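Asker: The structure that follows is given in the form of structure tokens.
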Amino acid sequence: MKKEEKLKKWEKEVMFPALNQAVSTMEKALQRDIEQILEEVCSNIEELFNQAVKQQKEGQRAAYMIFHLMRRDILKGIYQYRLFVYDKSWYLKRGEEIGVLNSRFIYDYYDAFWKEILMKSGVYTSVFSVAELEFFAMRQLEIFHYYFIEVLRYAMNRVTEGEAYYKLKKEEKLELQSGAYYEACDKLYQQETEKDYGKWKRQFLNGEEKKFCFADLKGIDLKGVSAVGVDLRYADLRKSNLQGIDLESSILQGTRFQRANLKQANFEKAILNYACFEYADLQGACFDKAVTAFDTMFYTIKMQSAYQKISFRKSCLKEASFRGANLRYVDFREADLEGADFTEAFLEQSIFSQNQLEQIVLTNEQKQQIRIDSCL
């Protein structure tokens with residue numbers, strides 16, 4: 001048997017089963033412990049931003065803040081991302097290293113995956129060296145990096161509203177990214193201090209542009225606009241006037257709607273994974289057949305969204321409709337649910353406060369699906 005054939009056999013018998021097990025365990029832990037994870041991650045990032053403020057020299061402005069993964073750290077079993085700050089001339093000079101962000105909440109599962117490979121590759125050690133096995137394992141890093149950046153994208157909801165981020169001197173456009181050092185990076189968040197609201201609105205009205213990923217649209221007025229099937233992943237629409245907007249079948253993963261006017265808005269069949277609606281006015285909004293989960297394939301690995309949680313905390317959902325919606329891990333606590341319709345909605349692990357159950361009608365099956373926060 002040729003070495004290439006043995007590699008495929010090893011992948012099928014050893015690597016992919018170990019990888020599937022590690023990813024499955026990690027996904028369950030993220031869903032279960034996300035609040036604790038976010039608390040630690042946000043605290044760590046806030047400290048890094050404070051340090052960036054202290055190190056910023058007179059006249060310096062940040063254009064890029066990048067959490068870099070160093071492969072040499074992974075090889076040493078050090079699971080962290082190093083934060084570098086760059087100005088707008090990033091291509092001419094090196095960035096300034098600020099500190100490190102602990103990423104063990106993700107990469108401990110990579111470590112377990114690697115150790116499982118070593119333990120079960122005994123019959124293959126005459127074919128592949130430990131260094132080769134490590135190289136094969138490290139080719140799977142992008143799977144774990146995917147989950148890491150999804151957690152960081154959700155964390156941006158908090159850290160970009162913190163005091164340290166506010167104090168940081170920024171260029172007109174600032175991007176937060178994450179990726180391997182000296183390689184193309186994934187965007188986490190984007191802020192623009194000078195926004196052309198007229199241009200954005202024309203693009204929505206004309207319907208010619210469908211992708212608005214990471215767009216900084218804070219405060220925009222899109223009242224009554226038809227935006228069916230648009231891609232607003234990770235876009236920032238906080239404090240915007242979106243009354244009556246039609247976002248049917250749109251991709252709203254990670255979209256930020258805090259304190260927006262969304263009265264009578266249409267979210268029918270929209271993808272809502274960890275969209276944030278905190279303090280938003282959603283009176284009469286329609287979420288019929290909206291969903292919070294989807295899968296993707298990476299080689300033979302079935303990957304879910306990093307987690308599905310959506311936050312409606314402290315929002316107004318009077319007379320809102322969730323008929324037939326597939327709602328996993330949704331936080332409804334402290335939202336006004338008077339007259340909200342949950343007919344045939346799937347509510348797995350969605351969380352309500354006890355007094356909210358007096359405002360809505362749920363079937364016995366739905367009551368078995370939800371969690372009750374007895375503290376509220």
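Chain identifiers are assigned as A, B, and so on, following the order in which chains appear in the structure tokens; residues are numbered from 1 within each chain, and ligands are numbered from 1 in order of appearance.
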Do a neighbour search on Asn157 of chain A at 9 Å with only C-alpha atoms, toss out local chain neighbours closer than 3 positions, and write the hits as a JSON list (two decimals) with N, CA and C atoms, in the first residue's frame.

Answerer:
[["chain", "number", "residue", "atom", "x", "y", "z"],
["A", 153, "ARG", "N", -16.88, 37.29, 17.63],
["A", 153, "ARG", "CA", -17.86, 38.15, 16.96],
["A", 153, "ARG", "C", -19.05, 38.45, 17.87],
["A", 154, "TYR", "N", -19.47, 37.45, 18.61],
["A", 154, "TYR", "CA", -20.56, 37.69, 19.55],
["A", 154, "TYR", "C", -20.10, 38.59, 20.69],
["A", 160, "THR", "N", -17.24, 46.41, 22.35],
["A", 160, "THR", "CA", -17.22, 47.67, 21.59],
["A", 160, "THR", "C", -18.10, 48.74, 22.22],
["A", 161, "GLU", "N", -18.78, 48.39, 23.30],
["A", 161, "GLU", "CA", -19.56, 49.39, 24.04],
["A", 161, "GLU", "C", -18.88, 49.72, 25.37],
["A", 256, "ARG", "N", -26.68, 43.23, 14.80],
["A", 256, "ARG", "CA", -26.90, 43.97, 16.04],
["A", 256, "ARG", "C", -28.05, 44.96, 15.86],
["A", 276, "CYS", "N", -28.81, 40.13, 18.01],
["A", 276, "CYS", "CA", -29.05, 40.77, 19.31],
["A", 276, "CYS", "C", -30.12, 41.85, 19.15]]

Asker: Need the shell around Lys218 of chain A: protein/DNA/RNA residues with any atom at most 12 Å away, counting only C-alpha atoms. Skip same-chain ones fewer than 3 positions apart. Format as number ranges by chain?

Answerer: A: 190-197, 200, 214-215, 221-222, 235-242, 255-261

Asker: Can I get the selected residues back with N, CA and C atoms, as a short mmCIF file (atom, residue, chain, number, x, y, z; two decimals), in the first residue's frame?

Answerer:
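Contents of selection_14.cif, freshly written:
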data_model
loop_
_atom_site.label_atom_id
_atom_site.label_comp_id
_atom_site.auth_asym_id
_atom_site.auth_seq_id
_atom_site.Cartn_x
_atom_site.Cartn_y
_atom_site.Cartn_z
N GLN A 190 -16.50 46.02 12.39
CA GLN A 190 -16.09 47.19 11.60
C GLN A 190 -16.81 48.43 12.10
N GLN A 191 -16.07 49.51 12.28
CA GLN A 191 -16.68 50.78 12.68
C GLN A 191 -16.25 51.89 11.71
N GLU A 192 -17.21 52.70 11.31
CA GLU A 192 -16.92 53.85 10.46
C GLU A 192 -17.46 55.11 11.14
N THR A 193 -16.59 56.07 11.35
CA THR A 193 -17.04 57.31 12.00
C THR A 193 -17.71 58.25 11.01
N GLU A 194 -17.35 58.15 9.72
CA GLU A 194 -17.98 58.97 8.69
C GLU A 194 -18.79 58.05 7.79
N LYS A 195 -20.10 58.09 7.90
CA LYS A 195 -20.95 57.18 7.14
C LYS A 195 -21.79 57.93 6.12
N ASP A 196 -21.90 57.37 4.93
CA ASP A 196 -22.73 57.94 3.87
C ASP A 196 -24.08 57.24 3.91
N TYR A 197 -24.97 57.75 4.78
CA TYR A 197 -26.28 57.12 4.94
C TYR A 197 -27.08 57.13 3.63
N TRP A 200 -25.99 54.17 1.46
CA TRP A 200 -26.51 52.90 1.97
C TRP A 200 -28.00 52.76 1.68
N PHE A 214 -21.02 43.05 7.89
CA PHE A 214 -20.20 43.91 8.75
C PHE A 214 -20.43 45.41 8.52
N ALA A 215 -21.42 45.77 7.73
CA ALA A 215 -21.64 47.20 7.45
C ALA A 215 -21.99 47.94 8.75
N ASP A 221 -31.92 55.30 8.75
CA ASP A 221 -33.39 55.30 8.63
C ASP A 221 -33.77 54.48 7.40
N LEU A 222 -34.29 53.28 7.65
CA LEU A 222 -34.75 52.39 6.57
C LEU A 222 -36.22 52.03 6.79
N ALA A 235 -23.74 42.85 10.71
CA ALA A 235 -23.93 44.29 10.48
C ALA A 235 -24.39 44.96 11.77
N ASP A 236 -24.10 46.26 11.88
CA ASP A 236 -24.43 47.02 13.09
C ASP A 236 -25.57 47.98 12.76
N LEU A 237 -26.77 47.68 13.27
CA LEU A 237 -27.95 48.51 13.01
C LEU A 237 -28.52 49.06 14.32
N ARG A 238 -27.67 49.23 15.29
CA ARG A 238 -28.13 49.75 16.57
C ARG A 238 -28.74 51.14 16.42
N LYS A 239 -29.81 51.38 17.20
CA LYS A 239 -30.47 52.68 17.28
C LYS A 239 -30.97 53.18 15.92
N SER A 240 -31.27 52.25 15.01
CA SER A 240 -31.76 52.62 13.68
C SER A 240 -33.29 52.61 13.64
N ASN A 241 -33.84 53.38 12.69
CA ASN A 241 -35.28 53.37 12.48
C ASN A 241 -35.60 52.37 11.38
N LEU A 242 -36.06 51.19 11.77
CA LEU A 242 -36.34 50.11 10.84
C LEU A 242 -37.80 49.70 10.91
N THR A 255 -26.26 39.89 13.61
CA THR A 255 -26.64 41.28 13.36
C THR A 255 -27.04 41.96 14.66
N ARG A 256 -26.68 43.23 14.80
CA ARG A 256 -26.90 43.97 16.04
C ARG A 256 -28.05 44.96 15.86
N PHE A 257 -29.15 44.70 16.57
CA PHE A 257 -30.35 45.53 16.46
C PHE A 257 -30.67 46.24 17.78
N GLN A 258 -29.74 46.33 18.70
CA GLN A 258 -30.05 46.91 20.00
C GLN A 258 -30.64 48.31 19.86
N ARG A 259 -31.72 48.53 20.63
CA ARG A 259 -32.39 49.83 20.73
C ARG A 259 -32.91 50.35 19.38
N ALA A 260 -33.12 49.47 18.43
CA ALA A 260 -33.67 49.88 17.13
C ALA A 260 -35.19 49.90 17.18
N ASN A 261 -35.79 50.74 16.32
CA ASN A 261 -37.24 50.75 16.15
C ASN A 261 -37.58 49.73 15.08
#

Asker: So, counting only C-alpha atoms, which residue among A:Phe312, A:Phe148, A:Tyr79, A:Tyr181 is closest to Arg94 of chain A?

Answerer: A:Tyr181

Asker: Which residues, written as a VMD selection string, have at least one atom at most 9 Å from Ala137 of chain A, with only C-alpha atoms counted and residues fewer than 2 positions away on the same chain left out?

Answerer: chain A and resid 15 110 113 to 114 117 132 to 135 139 to 141

Asker: Which residue is closest to Asp281 of chain A? Choose from A:Leu168, A:Ala184, A:Ala335, A:Leu232 and count only C-alpha atoms.

Answerer: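 Closest to Asp281 of chain A, using only C-alpha atoms: A:Ala335.
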
Asker: Set the distance at 9 Å and use only C-alpha atoms: which residues neighbour Glu209 of chain A once local chain neighbours fewer than 5 positions away are removed? I'd like the list as a list in words.

Answerer: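 Contacts, with the query itself left out: Gln203, Phe204 and Val230 of chain A.
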
Asker: Identify which of the residues A:Gly95, A:Gly229, A:Met138, A:Gly162 lies closest to Tyr182 of chain A, counting only C-alpha atoms when measuring atom-to-atom distances.

Answerer: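 Using only C-alpha atoms, the shortest distance to Tyr182 of chain A belongs to A:Gly95.
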
Asker: Which residues of segment 123-174 of chain A come within 9 Å of segment 36-58 of chain A, and what is each one's closest atom pair and distance in Å (one decimal), counting only C-alpha atoms, sorted by chain and residue number, as CSV?

Answerer:
residue,atom,partner,partner_atom,distance
A:Val151,CA,A:Leu38,CA,7.6
A:Leu152,CA,A:Val41,CA,7.9
A:Tyr154,CA,A:Leu38,CA,8.3
A:Ala155,CA,A:Cys42,CA,6.2
A:Met156,CA,A:Cys42,CA,8.2
A:Arg158,CA,A:Cys42,CA,7.1
A:Val159,CA,A:Cys42,CA,6.0
A:Gly162,CA,A:Glu46,CA,7.4
A:Glu163,CA,A:Glu46,CA,8.4
A:Ala164,CA,A:Asn50,CA,5.1
A:Tyr165,CA,A:Phe49,CA,6.1
A:Lys167,CA,A:Val53,CA,6.8
A:Leu168,CA,A:Val53,CA,5.4
A:Lys169,CA,A:Val53,CA,7.7

Asker: Would you mind reading off the distance between atom CA of Glu175 of chain A and atom CA of Ala62 of chain A, one decimal, in Å?

Answerer: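 One can read the atom CA of Glu175 of chain A to atom CA of Ala62 of chain A distance as 8.8 Å.
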
Asker: With only C-alpha atoms as the counted atoms, please give the residues lying no more than 8 Å from Val291 of chain A, apart from itself and same-chain residues fewer than 4 positions off, as a PyMOL selection string.

Answerer: chain A and resi 269-273+325-327

Asker: Given only C-alpha atoms as the basis, pick out the residue of A:Asp246, A:Glu27, A:Asp111, A:Glu5 nearest to Ala227 of chain A.

Answerer: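 Smallest distance to Ala227 of chain A is found for A:Asp246.
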
Asker: At a cut-off of 12 Å, using only C-alpha atoms, what residues contact Glu150 of chain A? Leave out same-chain residues fewer than 4 positions from it and give the result as a ChimeraX atom specification.

Answerer: /A:27,30,34,38,106,143-146,154-157,177-178,186-189,233-234,253-254,273-274,304-309

Asker: What lies within 7 Å of segment 313-317 of chain A using only C-alpha atoms, ignoring chain neighbours under 4 positions off, as a PDB file with N, CA and C atoms, in the first residue's frame?

Answerer:
ATOM      1  N   PHE A 277     -31.251  41.683  19.867  1.00  0.00           N
ATOM      2  CA  PHE A 277     -32.381  42.608  19.803  1.00  0.00           C
ATOM      3  C   PHE A 277     -32.625  43.297  21.142  1.00  0.00           C
ATOM      4  N   GLU A 278     -31.638  43.357  21.983  1.00  0.00           N
ATOM      5  CA  GLU A 278     -31.848  43.892  23.331  1.00  0.00           C
ATOM      6  C   GLU A 278     -32.327  45.346  23.285  1.00  0.00           C
ATOM      7  N   TYR A 279     -33.356  45.629  24.078  1.00  0.00           N
ATOM      8  CA  TYR A 279     -33.962  46.961  24.209  1.00  0.00           C
ATOM      9  C   TYR A 279     -34.648  47.441  22.915  1.00  0.00           C
ATOM     10  N   ALA A 280     -34.781  46.581  21.923  1.00  0.00           N
ATOM     11  CA  ALA A 280     -35.414  46.993  20.660  1.00  0.00           C
ATOM     12  C   ALA A 280     -36.933  47.002  20.799  1.00  0.00           C
ATOM     13  N   ASP A 281     -37.594  47.848  20.007  1.00  0.00           N
ATOM     14  CA  ASP A 281     -39.057  47.891  19.971  1.00  0.00           C
ATOM     15  C   ASP A 281     -39.518  47.023  18.805  1.00  0.00           C
ATOM     16  N   LEU A 282     -40.024  45.840  19.137  1.00  0.00           N
ATOM     17  CA  LEU A 282     -40.439  44.852  18.136  1.00  0.00           C
ATOM     18  C   LEU A 282     -41.940  44.604  18.191  1.00  0.00           C
ATOM     19  N   GLN A 283     -42.688  45.600  18.603  1.00  0.00           N
ATOM     20  CA  GLN A 283     -44.136  45.434  18.717  1.00  0.00           C
ATOM     21  C   GLN A 283     -44.726  45.069  17.359  1.00  0.00           C
ATOM     22  N   GLY A 284     -45.447  43.952  17.333  1.00  0.00           N
ATOM     23  CA  GLY A 284     -46.104  43.516  16.099  1.00  0.00           C
ATOM     24  C   GLY A 284     -45.169  42.920  15.063  1.00  0.00           C
ATOM     25  N   ASP A 331     -32.965  33.930  24.379  1.00  0.00           N
ATOM     26  CA  ASP A 331     -33.106  34.547  25.700  1.00  0.00           C
ATOM     27  C   ASP A 331     -34.217  35.596  25.634  1.00  0.00           C
ATOM     28  N   PHE A 332     -35.362  35.263  26.245  1.00  0.00           N
ATOM     29  CA  PHE A 332     -36.513  36.181  26.259  1.00  0.00           C
ATOM     30  C   PHE A 332     -36.642  36.931  27.586  1.00  0.00           C
ATOM     31  N   ARG A 333     -35.736  36.740  28.496  1.00  0.00           N
ATOM     32  CA  ARG A 333     -35.893  37.299  29.828  1.00  0.00           C
ATOM     33  C   ARG A 333     -36.064  38.819  29.806  1.00  0.00           C
ATOM     34  N   GLU A 334     -37.016  39.276  30.611  1.00  0.00           N
ATOM     35  CA  GLU A 334     -37.325  40.696  30.792  1.00  0.00           C
ATOM     36  C   GLU A 334     -37.907  41.364  29.544  1.00  0.00           C
ATOM     37  N   ALA A 335     -38.237  40.572  28.532  1.00  0.00           N
ATOM     38  CA  ALA A 335     -38.926  41.128  27.360  1.00  0.00           C
ATOM     39  C   ALA A 335     -40.426  41.187  27.648  1.00  0.00           C
ATOM     40  N   ASP A 336     -41.099  42.157  27.042  1.00  0.00           N
ATOM     41  CA  ASP A 336     -42.560  42.267  27.167  1.00  0.00           C
ATOM     42  C   ASP A 336     -43.180  41.374  26.103  1.00  0.00           C
ATOM     43  N   LEU A 337     -43.800  40.270  26.536  1.00  0.00           N
ATOM     44  CA  LEU A 337     -44.355  39.282  25.610  1.00  0.00           C
ATOM     45  C   LEU A 337     -45.884  39.316  25.558  1.00  0.00           C
ATOM     46  N   ALA A 340     -47.836  37.895  22.504  1.00  0.00           N
ATOM     47  CA  ALA A 340     -46.946  37.241  21.538  1.00  0.00           C
ATOM     48  C   ALA A 340     -47.476  35.842  21.207  1.00  0.00           C
TER      49      ALA A 340
END
